[in-house]
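S.K.: After the structure tokens below, expect a handful of questions from me.
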Amino acid sequence: MFRYKIQPIFLFGVPSDANGGELNESPRLWRAQTAFPSVSGQEEPLVESILHELESRGWAPSDLFQVQLALEEGVANAIEHGNKRDPDKLVRIEVELDDSKILVKIQDEGEGFPHWALPDPTDESNLDKPSGRGVYLIRNLMTKVWFNEKGSCIYMEKNPSPSETWCATEIGDDSDACAGK
């Protein structure tokens with residue numbers, strides 16, 4: 001059964017108050033954690049909540065897509081490669097986000113893997129292999145990616161893309177309303 005809730009937690013070593021906000025810090029901090037059996041699709045409600053929260057903060061659609069894909073790849077790797085699709089093993093996700101970044105921790109109960117020695121999936125000898133692209137994608141979609149030493153936990157961080165300033169002027173308007181843009 002999917003266990004999802006927003007609650008006070010210690011995430012990435014930062015204490016939170018009873019309302020889920022970081023103590024003595026920004027009230028715009030949002031946190032969530034969940035654990036679920038290694039069955040595909042269990043993460044979807046949490047991913048939707050994360051995307052909704054990022055969208056409400058004005059993150060660009062391209063950033064939302066990148067976060068969604070990185071989350072889906074991370075969870076898929078934890079289920080398939082980490083926990084070997086064993087429904088008795090859990091995948092744990094912890095999320096912390098504010099206006100400037102999202103931090104995600106995805107942990108499985110597997111033995112880990114040598115994340116430092118992954119082959120390059122863009123190398124010609126690896127192009128026809130059916131797997132091996134998930135971590136490559138995550139590393140290219142997120143701002144920072146790192147693993148615990150064992151390789152059973154991935155940490156992902158993403159900062160939103162710089163906002164684009166759109167400038168619209170009326171047709172025939174000779175003023176330079178977009179000066180400096």
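Naming works like this for the structure tokens: A, B, ... for the chains as they're shown, residue 1 at the start of each chain, ligands 1 onward in shown order.
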Where in stretch 13-127 of chain A does DSSP assign strand (DSSP E or B), given as a VMD selection string?

M.R.: chain A and resid 14 16 22 30 to 37 90 to 97 102 to 107

S.K.: Just want the 12 Å neighbourhood of A:Pro119, counted on only C-alpha atoms, with same-chain residues fewer than 4 positions away dropped. Output as an MDAnalysis selection string.

M.R.: chainID A and resid 114:115 123:127 129 131:136

S.K.: I'd like the neighbourhood of stretch 34-41 of chain A as a PyMOL selection string, where a residue qualifies if any of its atoms comes within 12 Å (using only C-alpha atoms), though same-chain residues fewer than 2 positions away should be ignored.

M.R.: chain A and resi 1-7+9+31-32+43-48+71-95+104-110

S.K.: As an mmCIF file with all heavy atoms, in the first residue's frame, please: every residue in stretch 2-135 of chain A that a backbone DSSP assignment puts in helix (DSSP H, G or I).

M.R.:
data_model
loop_
_atom_site.group_PDB
_atom_site.id
_atom_site.type_symbol
_atom_site.label_atom_id
_atom_site.label_comp_id
_atom_site.auth_asym_id
_atom_site.auth_seq_id
_atom_site.Cartn_x
_atom_site.Cartn_y
_atom_site.Cartn_z
ATOM 1 N N GLU A 44 3.613 7.701 -8.320
ATOM 2 C CA GLU A 44 2.895 8.700 -9.116
ATOM 3 C C GLU A 44 2.203 9.787 -8.302
ATOM 4 O O GLU A 44 2.303 10.966 -8.659
ATOM 5 C CB GLU A 44 1.920 8.011 -10.071
ATOM 6 C CG GLU A 44 2.644 7.261 -11.173
ATOM 7 C CD GLU A 44 1.720 6.469 -12.079
ATOM 8 O OE1 GLU A 44 0.477 6.603 -11.955
ATOM 9 O OE2 GLU A 44 2.239 5.717 -12.917
ATOM 10 N N PRO A 45 1.501 9.487 -7.206
ATOM 11 C CA PRO A 45 0.879 10.575 -6.440
ATOM 12 C C PRO A 45 1.904 11.570 -5.887
ATOM 13 O O PRO A 45 1.661 12.775 -5.892
ATOM 14 C CB PRO A 45 0.146 9.854 -5.309
ATOM 15 C CG PRO A 45 -0.099 8.479 -5.826
ATOM 16 C CD PRO A 45 1.090 8.170 -6.682
ATOM 17 N N LEU A 46 3.039 11.079 -5.431
ATOM 18 C CA LEU A 46 4.070 11.975 -4.919
ATOM 19 C C LEU A 46 4.653 12.824 -6.047
ATOM 20 O O LEU A 46 4.824 14.031 -5.891
ATOM 21 C CB LEU A 46 5.183 11.206 -4.216
ATOM 22 C CG LEU A 46 6.341 12.073 -3.706
ATOM 23 C CD1 LEU A 46 5.855 13.106 -2.690
ATOM 24 C CD2 LEU A 46 7.439 11.215 -3.120
ATOM 25 N N VAL A 47 4.935 12.210 -7.177
ATOM 26 C CA VAL A 47 5.481 12.961 -8.319
ATOM 27 C C VAL A 47 4.505 14.056 -8.731
ATOM 28 O O VAL A 47 4.907 15.199 -8.971
ATOM 29 C CB VAL A 47 5.818 12.022 -9.497
ATOM 30 C CG1 VAL A 47 6.185 12.808 -10.744
ATOM 31 C CG2 VAL A 47 6.956 11.070 -9.116
ATOM 32 N N GLU A 48 3.223 13.734 -8.787
ATOM 33 C CA GLU A 48 2.218 14.745 -9.145
ATOM 34 C C GLU A 48 2.199 15.889 -8.132
ATOM 35 O O GLU A 48 2.085 17.057 -8.508
ATOM 36 C CB GLU A 48 0.828 14.104 -9.263
ATOM 37 C CG GLU A 48 0.670 13.228 -10.483
ATOM 38 C CD GLU A 48 0.886 13.974 -11.792
ATOM 39 O OE1 GLU A 48 0.398 15.121 -11.945
ATOM 40 O OE2 GLU A 48 1.571 13.415 -12.674
ATOM 41 N N SER A 49 2.300 15.569 -6.850
ATOM 42 C CA SER A 49 2.329 16.616 -5.821
ATOM 43 C C SER A 49 3.557 17.505 -5.969
ATOM 44 O O SER A 49 3.473 18.724 -5.821
ATOM 45 C CB SER A 49 2.320 15.988 -4.421
ATOM 46 O OG SER A 49 1.109 15.342 -4.177
ATOM 47 N N ILE A 50 4.691 16.897 -6.257
ATOM 48 C CA ILE A 50 5.935 17.659 -6.443
ATOM 49 C C ILE A 50 5.794 18.598 -7.630
ATOM 50 O O ILE A 50 6.106 19.792 -7.538
ATOM 51 C CB ILE A 50 7.131 16.705 -6.639
ATOM 52 C CG1 ILE A 50 7.415 15.934 -5.353
ATOM 53 C CG2 ILE A 50 8.368 17.477 -7.109
ATOM 54 C CD1 ILE A 50 8.363 14.756 -5.536
ATOM 55 N N LEU A 51 5.310 18.071 -8.748
ATOM 56 C CA LEU A 51 5.166 18.900 -9.953
ATOM 57 C C LEU A 51 4.178 20.036 -9.719
ATOM 58 O O LEU A 51 4.411 21.173 -10.159
ATOM 59 C CB LEU A 51 4.743 18.039 -11.139
ATOM 60 C CG LEU A 51 5.752 16.979 -11.571
ATOM 61 C CD1 LEU A 51 5.172 16.117 -12.680
ATOM 62 C CD2 LEU A 51 7.065 17.613 -11.999
ATOM 63 N N HIS A 52 3.089 19.750 -9.015
ATOM 64 C CA HIS A 52 2.107 20.796 -8.701
ATOM 65 C C HIS A 52 2.753 21.896 -7.856
ATOM 66 O O HIS A 52 2.552 23.087 -8.106
ATOM 67 C CB HIS A 52 0.904 20.192 -7.978
ATOM 68 C CG HIS A 52 -0.092 21.200 -7.536
ATOM 69 N ND1 HIS A 52 -0.958 21.827 -8.407
ATOM 70 C CD2 HIS A 52 -0.340 21.726 -6.312
ATOM 71 C CE1 HIS A 52 -1.697 22.689 -7.738
ATOM 72 N NE2 HIS A 52 -1.346 22.651 -6.462
ATOM 73 N N GLU A 53 3.540 21.487 -6.871
ATOM 74 C CA GLU A 53 4.196 22.465 -6.001
ATOM 75 C C GLU A 53 5.209 23.308 -6.782
ATOM 76 O O GLU A 53 5.267 24.525 -6.617
ATOM 77 C CB GLU A 53 4.886 21.753 -4.829
ATOM 78 C CG GLU A 53 5.477 22.685 -3.803
ATOM 79 C CD GLU A 53 4.447 23.545 -3.075
ATOM 80 O OE1 GLU A 53 3.284 23.121 -2.935
ATOM 81 O OE2 GLU A 53 4.816 24.659 -2.631
ATOM 82 N N LEU A 54 5.994 22.674 -7.646
ATOM 83 C CA LEU A 54 6.972 23.422 -8.450
ATOM 84 C C LEU A 54 6.264 24.377 -9.418
ATOM 85 O O LEU A 54 6.689 25.515 -9.599
ATOM 86 C CB LEU A 54 7.885 22.465 -9.215
ATOM 87 C CG LEU A 54 8.841 21.636 -8.368
ATOM 88 C CD1 LEU A 54 9.577 20.613 -9.239
ATOM 89 C CD2 LEU A 54 9.828 22.512 -7.617
ATOM 90 N N GLU A 55 5.177 23.892 -10.014
ATOM 91 C CA GLU A 55 4.416 24.738 -10.940
ATOM 92 C C GLU A 55 3.843 25.952 -10.209
ATOM 93 O O GLU A 55 3.860 27.071 -10.730
ATOM 94 C CB GLU A 55 3.302 23.918 -11.580
ATOM 95 C CG GLU A 55 2.527 24.686 -12.631
ATOM 96 C CD GLU A 55 1.482 23.814 -13.299
ATOM 97 O OE1 GLU A 55 0.873 22.953 -12.624
ATOM 98 O OE2 GLU A 55 1.264 24.027 -14.503
ATOM 99 N N SER A 56 3.366 25.752 -8.989
ATOM 100 C CA SER A 56 2.796 26.868 -8.228
ATOM 101 C C SER A 56 3.855 27.908 -7.871
ATOM 102 O O SER A 56 3.530 29.047 -7.568
ATOM 103 C CB SER A 56 2.109 26.358 -6.959
ATOM 104 O OG SER A 56 3.054 25.981 -5.977
ATOM 105 N N PRO A 61 7.901 24.974 -17.612
ATOM 106 C CA PRO A 61 7.458 23.641 -18.038
ATOM 107 C C PRO A 61 8.622 22.701 -18.375
ATOM 108 O O PRO A 61 8.562 21.506 -18.078
ATOM 109 C CB PRO A 61 6.590 23.918 -19.268
ATOM 110 C CG PRO A 61 6.073 25.307 -19.041
ATOM 111 C CD PRO A 61 7.203 26.037 -18.356
ATOM 112 N N SER A 62 9.680 23.222 -18.964
ATOM 113 C CA SER A 62 10.824 22.362 -19.290
ATOM 114 C C SER A 62 11.481 21.825 -18.020
ATOM 115 O O SER A 62 11.916 20.677 -17.971
ATOM 116 C CB SER A 62 11.843 23.117 -20.148
ATOM 117 O OG SER A 62 12.336 24.251 -19.449
ATOM 118 N N ASP A 63 11.547 22.633 -16.964
ATOM 119 C CA ASP A 63 12.103 22.174 -15.692
ATOM 120 C C ASP A 63 11.207 21.118 -15.052
ATOM 121 O O ASP A 63 11.692 20.139 -14.485
ATOM 122 C CB ASP A 63 12.294 23.337 -14.721
ATOM 123 C CG ASP A 63 13.441 24.251 -15.106
ATOM 124 O OD1 ASP A 63 14.372 23.789 -15.789
ATOM 125 O OD2 ASP A 63 13.410 25.433 -14.711
ATOM 126 N N LEU A 64 9.884 21.320 -15.152
ATOM 127 C CA LEU A 64 8.949 20.337 -14.605
ATOM 128 C C LEU A 64 9.129 18.991 -15.300
ATOM 129 O O LEU A 64 9.162 17.944 -14.651
ATOM 130 C CB LEU A 64 7.507 20.820 -14.767
ATOM 131 C CG LEU A 64 7.124 22.105 -14.034
ATOM 132 C CD1 LEU A 64 5.693 22.505 -14.374
ATOM 133 C CD2 LEU A 64 7.307 21.960 -12.548
ATOM 134 N N PHE A 65 9.277 19.021 -16.620
ATOM 135 C CA PHE A 65 9.491 17.791 -17.380
ATOM 136 C C PHE A 65 10.788 17.111 -16.951
ATOM 137 O O PHE A 65 10.828 15.894 -16.755
ATOM 138 C CB PHE A 65 9.522 18.090 -18.884
ATOM 139 C CG PHE A 65 9.915 16.902 -19.708
ATOM 140 C CD1 PHE A 65 9.008 15.885 -19.956
ATOM 141 C CD2 PHE A 65 11.205 16.792 -20.219
ATOM 142 C CE1 PHE A 65 9.378 14.769 -20.704
ATOM 143 C CE2 PHE A 65 11.583 15.685 -20.971
ATOM 144 C CZ PHE A 65 10.662 14.672 -21.217
ATOM 145 N N GLN A 66 11.840 17.893 -16.779
ATOM 146 C CA GLN A 66 13.132 17.322 -16.390
ATOM 147 C C GLN A 66 13.072 16.697 -14.999
ATOM 148 O O GLN A 66 13.609 15.604 -14.775
ATOM 149 C CB GLN A 66 14.216 18.393 -16.468
ATOM 150 C CG GLN A 66 14.507 18.813 -17.890
ATOM 151 C CD GLN A 66 15.399 20.042 -17.987
ATOM 152 O OE1 GLN A 66 15.852 20.587 -16.989
ATOM 153 N NE2 GLN A 66 15.647 20.478 -19.217
ATOM 154 N N VAL A 67 12.437 17.361 -14.058
ATOM 155 C CA VAL A 67 12.294 16.813 -12.711
ATOM 156 C C VAL A 67 11.464 15.530 -12.760
ATOM 157 O O VAL A 67 11.823 14.516 -12.150
ATOM 158 C CB VAL A 67 11.667 17.846 -11.747
ATOM 159 C CG1 VAL A 67 11.248 17.195 -10.435
ATOM 160 C CG2 VAL A 67 12.633 18.999 -11.500
ATOM 161 N N GLN A 68 10.363 15.552 -13.492
ATOM 162 C CA GLN A 68 9.505 14.374 -13.589
ATOM 163 C C GLN A 68 10.279 13.192 -14.165
ATOM 164 O O GLN A 68 10.237 12.086 -13.619
ATOM 165 C CB GLN A 68 8.284 14.665 -14.450
ATOM 166 C CG GLN A 68 7.370 13.463 -14.608
ATOM 167 C CD GLN A 68 6.128 13.752 -15.432
ATOM 168 O OE1 GLN A 68 5.964 14.840 -15.978
ATOM 169 N NE2 GLN A 68 5.255 12.782 -15.527
ATOM 170 N N LEU A 69 10.996 13.400 -15.247
ATOM 171 C CA LEU A 69 11.738 12.316 -15.881
ATOM 172 C C LEU A 69 12.841 11.785 -14.966
ATOM 173 O O LEU A 69 13.022 10.572 -14.839
ATOM 174 C CB LEU A 69 12.318 12.776 -17.224
ATOM 175 C CG LEU A 69 12.988 11.702 -18.068
ATOM 176 C CD1 LEU A 69 12.071 10.508 -18.301
ATOM 177 C CD2 LEU A 69 13.431 12.312 -19.398
ATOM 178 N N ALA A 70 13.543 12.679 -14.280
ATOM 179 C CA ALA A 70 14.597 12.248 -13.357
ATOM 180 C C ALA A 70 14.003 11.436 -12.200
ATOM 181 O O ALA A 70 14.573 10.399 -11.813
ATOM 182 C CB ALA A 70 15.365 13.456 -12.824
ATOM 183 N N LEU A 71 12.871 11.871 -11.657
ATOM 184 C CA LEU A 71 12.215 11.121 -10.586
ATOM 185 C C LEU A 71 11.782 9.736 -11.073
ATOM 186 O O LEU A 71 12.007 8.727 -10.390
ATOM 187 C CB LEU A 71 10.999 11.886 -10.059
ATOM 188 C CG LEU A 71 11.280 13.107 -9.206
ATOM 189 C CD1 LEU A 71 10.003 13.922 -9.017
ATOM 190 C CD2 LEU A 71 11.858 12.708 -7.863
ATOM 191 N N GLU A 72 11.160 9.697 -12.232
ATOM 192 C CA GLU A 72 10.697 8.419 -12.772
ATOM 193 C C GLU A 72 11.858 7.470 -13.032
ATOM 194 O O GLU A 72 11.772 6.277 -12.735
ATOM 195 C CB GLU A 72 9.880 8.649 -14.046
ATOM 196 C CG GLU A 72 8.535 9.298 -13.772
ATOM 197 C CD GLU A 72 7.801 9.747 -15.026
ATOM 198 O OE1 GLU A 72 8.404 9.701 -16.137
ATOM 199 O OE2 GLU A 72 6.634 10.164 -14.903
ATOM 200 N N GLU A 73 12.954 7.973 -13.575
ATOM 201 C CA GLU A 73 14.134 7.137 -13.830
ATOM 202 C C GLU A 73 14.757 6.658 -12.523
ATOM 203 O O GLU A 73 15.147 5.499 -12.399
ATOM 204 C CB GLU A 73 15.167 7.895 -14.657
ATOM 205 C CG GLU A 73 14.790 8.070 -16.103
ATOM 206 C CD GLU A 73 14.764 6.758 -16.883
ATOM 207 O OE1 GLU A 73 15.495 5.815 -16.539
ATOM 208 O OE2 GLU A 73 13.980 6.682 -17.845
ATOM 209 N N GLY A 74 14.856 7.552 -11.548
ATOM 210 C CA GLY A 74 15.433 7.170 -10.257
ATOM 211 C C GLY A 74 14.630 6.095 -9.566
ATOM 212 O O GLY A 74 15.183 5.129 -9.020
ATOM 213 N N VAL A 75 13.308 6.237 -9.579
ATOM 214 C CA VAL A 75 12.443 5.239 -8.955
ATOM 215 C C VAL A 75 12.501 3.923 -9.735
ATOM 216 O O VAL A 75 12.590 2.840 -9.129
ATOM 217 C CB VAL A 75 10.990 5.753 -8.837
ATOM 218 C CG1 VAL A 75 10.036 4.637 -8.428
ATOM 219 C CG2 VAL A 75 10.914 6.905 -7.845
ATOM 220 N N ALA A 76 12.472 3.997 -11.057
ATOM 221 C CA ALA A 76 12.550 2.780 -11.866
ATOM 222 C C ALA A 76 13.848 2.017 -11.587
ATOM 223 O O ALA A 76 13.838 0.782 -11.460
ATOM 224 C CB ALA A 76 12.447 3.121 -13.352
ATOM 225 N N ASN A 77 14.951 2.731 -11.465
ATOM 226 C CA ASN A 77 16.226 2.082 -11.158
ATOM 227 C C ASN A 77 16.196 1.444 -9.777
ATOM 228 O O ASN A 77 16.703 0.334 -9.589
ATOM 229 C CB ASN A 77 17.379 3.083 -11.243
ATOM 230 C CG ASN A 77 17.760 3.416 -12.665
ATOM 231 O OD1 ASN A 77 17.389 2.721 -13.604
ATOM 232 N ND2 ASN A 77 18.500 4.493 -12.831
ATOM 233 N N ALA A 78 15.611 2.130 -8.790
ATOM 234 C CA ALA A 78 15.528 1.586 -7.433
ATOM 235 C C ALA A 78 14.690 0.305 -7.416
ATOM 236 O O ALA A 78 15.063 -0.678 -6.764
ATOM 237 C CB ALA A 78 14.942 2.621 -6.476
ATOM 238 N N ILE A 79 13.584 0.310 -8.130
ATOM 239 C CA ILE A 79 12.703 -0.858 -8.172
ATOM 240 C C ILE A 79 13.364 -2.018 -8.914
ATOM 241 O O ILE A 79 13.448 -3.138 -8.403
ATOM 242 C CB ILE A 79 11.348 -0.500 -8.821
ATOM 243 C CG1 ILE A 79 10.555 0.428 -7.904
ATOM 244 C CG2 ILE A 79 10.546 -1.759 -9.156
ATOM 245 C CD1 ILE A 79 9.295 1.006 -8.537
ATOM 246 N N GLU A 80 13.833 -1.739 -10.131
ATOM 247 C CA GLU A 80 14.329 -2.812 -10.990
ATOM 248 C C GLU A 80 15.730 -3.285 -10.622
ATOM 249 O O GLU A 80 15.968 -4.468 -10.432
ATOM 250 C CB GLU A 80 14.309 -2.360 -12.453
ATOM 251 C CG GLU A 80 14.686 -3.465 -13.403
ATOM 252 C CD GLU A 80 14.447 -3.095 -14.848
ATOM 253 O OE1 GLU A 80 13.589 -2.248 -15.118
ATOM 254 O OE2 GLU A 80 15.132 -3.669 -15.702
ATOM 255 N N HIS A 81 16.667 -2.364 -10.535
ATOM 256 C CA HIS A 81 18.062 -2.751 -10.320
ATOM 257 C C HIS A 81 18.406 -2.888 -8.841
ATOM 258 O O HIS A 81 19.162 -3.785 -8.472
ATOM 259 C CB HIS A 81 18.997 -1.748 -10.988
ATOM 260 C CG HIS A 81 18.762 -1.605 -12.453
ATOM 261 N ND1 HIS A 81 18.971 -2.631 -13.345
ATOM 262 C CD2 HIS A 81 18.306 -0.558 -13.184
ATOM 263 C CE1 HIS A 81 18.670 -2.227 -14.563
ATOM 264 N NE2 HIS A 81 18.258 -0.973 -14.497
ATOM 265 N N GLY A 82 17.877 -2.000 -8.011
ATOM 266 C CA GLY A 82 18.191 -2.039 -6.585
ATOM 267 C C GLY A 82 17.456 -3.149 -5.855
ATOM 268 O O GLY A 82 18.068 -4.028 -5.259
ATOM 269 N N HIS A 115 28.509 2.948 -9.020
ATOM 270 C CA HIS A 115 28.023 4.094 -9.791
ATOM 271 C C HIS A 115 29.147 4.861 -10.475
ATOM 272 O O HIS A 115 28.931 5.529 -11.474
ATOM 273 C CB HIS A 115 27.207 5.031 -8.897
ATOM 274 C CG HIS A 115 27.923 5.425 -7.657
ATOM 275 N ND1 HIS A 115 28.751 6.504 -7.590
ATOM 276 C CD2 HIS A 115 27.940 4.847 -6.432
ATOM 277 C CE1 HIS A 115 29.255 6.584 -6.369
ATOM 278 N NE2 HIS A 115 28.769 5.584 -5.641
ATOM 279 N N TRP A 116 30.336 4.777 -9.970
ATOM 280 C CA TRP A 116 31.489 5.473 -10.531
ATOM 281 C C TRP A 116 31.999 4.787 -11.802
ATOM 282 O O TRP A 116 32.789 5.366 -12.528
ATOM 283 C CB TRP A 116 32.620 5.544 -9.497
ATOM 284 C CG TRP A 116 33.052 4.184 -9.033
ATOM 285 C CD1 TRP A 116 34.015 3.393 -9.594
ATOM 286 C CD2 TRP A 116 32.508 3.446 -7.954
ATOM 287 N NE1 TRP A 116 34.102 2.200 -8.924
ATOM 288 C CE2 TRP A 116 33.188 2.206 -7.901
ATOM 289 C CE3 TRP A 116 31.508 3.701 -7.019
ATOM 290 C CZ2 TRP A 116 32.900 1.230 -6.954
ATOM 291 C CZ3 TRP A 116 31.233 2.716 -6.074
ATOM 292 C CH2 TRP A 116 31.917 1.511 -6.048
ATOM 293 N N ALA A 117 31.534 3.558 -12.074
ATOM 294 C CA ALA A 117 32.059 2.793 -13.203
ATOM 295 C C ALA A 117 30.999 2.491 -14.259
ATOM 296 O O ALA A 117 31.140 1.537 -15.018
ATOM 297 C CB ALA A 117 32.666 1.490 -12.682
ATOM 298 N N GLU A 124 29.466 4.174 -28.928
ATOM 299 C CA GLU A 124 28.917 3.360 -30.018
ATOM 300 C C GLU A 124 28.714 1.898 -29.609
ATOM 301 O O GLU A 124 27.735 1.267 -30.014
ATOM 302 C CB GLU A 124 29.823 3.431 -31.251
ATOM 303 C CG GLU A 124 29.173 2.871 -32.484
ATOM 304 C CD GLU A 124 29.945 3.185 -33.746
ATOM 305 O OE1 GLU A 124 30.507 4.287 -33.848
ATOM 306 O OE2 GLU A 124 29.960 2.310 -34.617
ATOM 307 N N SER A 125 29.591 1.363 -28.778
ATOM 308 C CA SER A 125 29.466 -0.041 -28.370
ATOM 309 C C SER A 125 28.289 -0.267 -27.426
ATOM 310 O O SER A 125 27.884 -1.419 -27.211
ATOM 311 C CB SER A 125 30.762 -0.515 -27.706
ATOM 312 O OG SER A 125 30.989 0.212 -26.510
ATOM 313 N N ASN A 126 27.710 0.783 -26.883
ATOM 314 C CA ASN A 126 26.597 0.650 -25.941
ATOM 315 C C ASN A 126 25.249 1.084 -26.512
ATOM 316 O O ASN A 126 24.237 0.989 -25.824
ATOM 317 C CB ASN A 126 26.891 1.462 -24.679
ATOM 318 C CG ASN A 126 28.095 0.950 -23.935
ATOM 319 O OD1 ASN A 126 28.341 -0.247 -23.875
ATOM 320 N ND2 ASN A 126 28.868 1.860 -23.376
ATOM 321 N N GLY A 134 19.422 5.374 -17.673
ATOM 322 C CA GLY A 134 18.729 6.090 -16.612
ATOM 323 C C GLY A 134 19.597 7.062 -15.850
ATOM 324 O O GLY A 134 19.264 8.246 -15.714
ATOM 325 N N VAL A 135 20.733 6.603 -15.354
ATOM 326 C CA VAL A 135 21.625 7.487 -14.588
ATOM 327 C C VAL A 135 22.186 8.565 -15.498
ATOM 328 O O VAL A 135 22.320 9.726 -15.095
ATOM 329 C CB VAL A 135 22.743 6.676 -13.894
ATOM 330 C CG1 VAL A 135 23.769 7.601 -13.260
ATOM 331 C CG2 VAL A 135 22.152 5.744 -12.849
#

S.K.: Using only C-alpha atoms, which of A:Leu118, A:Leu137, A:Ala60, A:Ile102 sits nearest A:Met156?

M.R.: A:Ile102

S.K.: Can you pull out every residue within 6 Å of A:Met142, counting only C-alpha atoms, but drop anything in the same chain fewer than 3 positions away, and send it as a CSV table (one decimal) with C-alpha atoms, in the first residue's frame?

M.R.:
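Full text of selection-v6.csv as output:
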chain,number,residue,atom,x,y,z
A,138,ILE,CA,19.4,11.9,-14.5
A,139,ARG,CA,22.9,13.4,-14.6
A,158,LYS,CA,17.9,20.9,-9.5

S.K.: Provide the atom CA of A:Pro121 to atom CA of A:Asn140 distance in Å, to one decimal place.

M.R.: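 Those two atoms sit 12.4 Å apart.
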
S.K.: Can you tell me, as number ranges by chain, what residues are no more than 8 Å from A:Lys150 when counting only C-alpha atoms, ignoring any on the same chain fewer than 5 positions away?

M.R.: A: 111-114
